[in-house]
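Note sheet for the following structure.
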Amino acid sequence: FTEEEAQYAMDHVFADWNEIAMNLAQGYAADHHMSEKAIYNQLVNIDLFTPEEAQYAVDHTDVYWNEIALKAAQEYESDYLARNELFRHLYYSSGCQFTEEQAQYAVDHLDTDWKENALQAGWYLYGKKNTSQADTYAALISYDYGFTEEEAQYAIDHMDTADWEENALQT
């Protein structure tokens, strides 16, 4: 179609674009656990709705955004993240972009054993990078991992010490 023909069709088709955008937004929230901001960006940049239609959709989507953030957080449980790292991901990541309050709600209500996450992250560091006990502890409390000192110490205390001794002898 020519540009003029396409425009004519768009101008004369009976469609409630706000309603269509809102139905898509509802699906993005429910099925993909996307935040308001991520949905808005999806509708404007990918689905090519107008900014006004996208804003209408986000404003009229019938969801509890804190629960959507919690469902998004649950998708990351198997990544063995620290509480702070999960918060940063939910809040700052371009794929999530939840509000600070929504991200905080999610990490506060996630039923996760953060010490166990630190232990699993410690095993990852030891297995993949052959780190020493001190280096593993330092990595776990670093900004990149973000575990608390208590969580990191739990990990160190619950890893097999024979492995640490054998690793120390080999280095």
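Going through the structure tokens in order, the chains are called A, B, and so on, while each chain numbers its residues from 1 and the ligands are numbered from 1 in the order shown.
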Stretch 1-32 of chain A near stretch 56-68 of chain A within 7 Å: what's each residue's closest atom pair and its distance in Å to one decimal, counting only C-alpha atoms, ordered by chain then ascending residue number, as CSV?
residue,atom,partner,partner_atom,distance
A:Asn18,CA,A:Ala57,CA,6.2
A:Ala21,CA,A:Ala57,CA,5.4
A:Met22,CA,A:Ala57,CA,3.9
A:Ala25,CA,A:Ala57,CA,6.1
A:Gln26,CA,A:Thr61,CA,5.6
A:Ala29,CA,A:Ile68,CA,6.7
(request) Could you give me, as a ChimeraX atom specification, the residues within 12 Å of A:Asp113, counting only C-alpha atoms and dropping anything in the same chain fewer than 3 positions from it? (result) /A:77-78,80-83,107-110,116-120,147,151,154-155
Taking C-alpha atoms for each residue, export the selection above as a JSON list (two decimals), in the first residue's frame.
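Written output follows (again14.json):
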[["chain", "number", "residue", "atom", "x", "y", "z"],
["A", 77, "GLU", "CA", 15.33, -16.86, 42.44],
["A", 78, "SER", "CA", 17.42, -19.52, 40.71],
["A", 80, "TYR", "CA", 21.13, -16.91, 43.68],
["A", 81, "LEU", "CA", 21.28, -13.14, 43.92],
["A", 82, "ALA", "CA", 21.82, -11.10, 47.04],
["A", 83, "ARG", "CA", 18.93, -8.98, 48.28],
["A", 107, "VAL", "CA", 12.61, -8.12, 47.87],
["A", 108, "ASP", "CA", 10.83, -7.66, 51.21],
["A", 109, "HIS", "CA", 8.15, -10.20, 50.31],
["A", 110, "LEU", "CA", 10.22, -12.75, 48.41],
["A", 116, "GLU", "CA", 21.54, -20.02, 51.03],
["A", 117, "ASN", "CA", 21.86, -17.76, 47.99],
["A", 118, "ALA", "CA", 25.25, -16.63, 49.29],
["A", 119, "LEU", "CA", 26.27, -20.26, 49.75],
["A", 120, "GLN", "CA", 25.25, -21.12, 46.18],
["A", 147, "PHE", "CA", 25.80, -10.07, 50.05],
["A", 151, "GLU", "CA", 25.53, -13.93, 54.55],
["A", 154, "TYR", "CA", 27.50, -18.20, 56.41],
["A", 155, "ALA", "CA", 28.56, -19.29, 52.93]]
(request) Using backbone DSSP assignments, extract all alpha helix (DSSP H) residues from stretch 66-134 of chain A; output them as a PyMOL selection string. (result) chain A and resi 66-74+83-92+100-109+114-129+133-134
(request) Could you please determine the separation between atom CA of A:Tyr137 and atom CA of A:Glu149 in Å, to one decimal place? (result) 8.2 Å
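Ranking A:Tyr145, A:Tyr8, A:Phe14, A:Tyr40 by their shortest atom-to-atom distance to A:Leu86, with only C-alpha atoms included, puts A:Tyr145 first.
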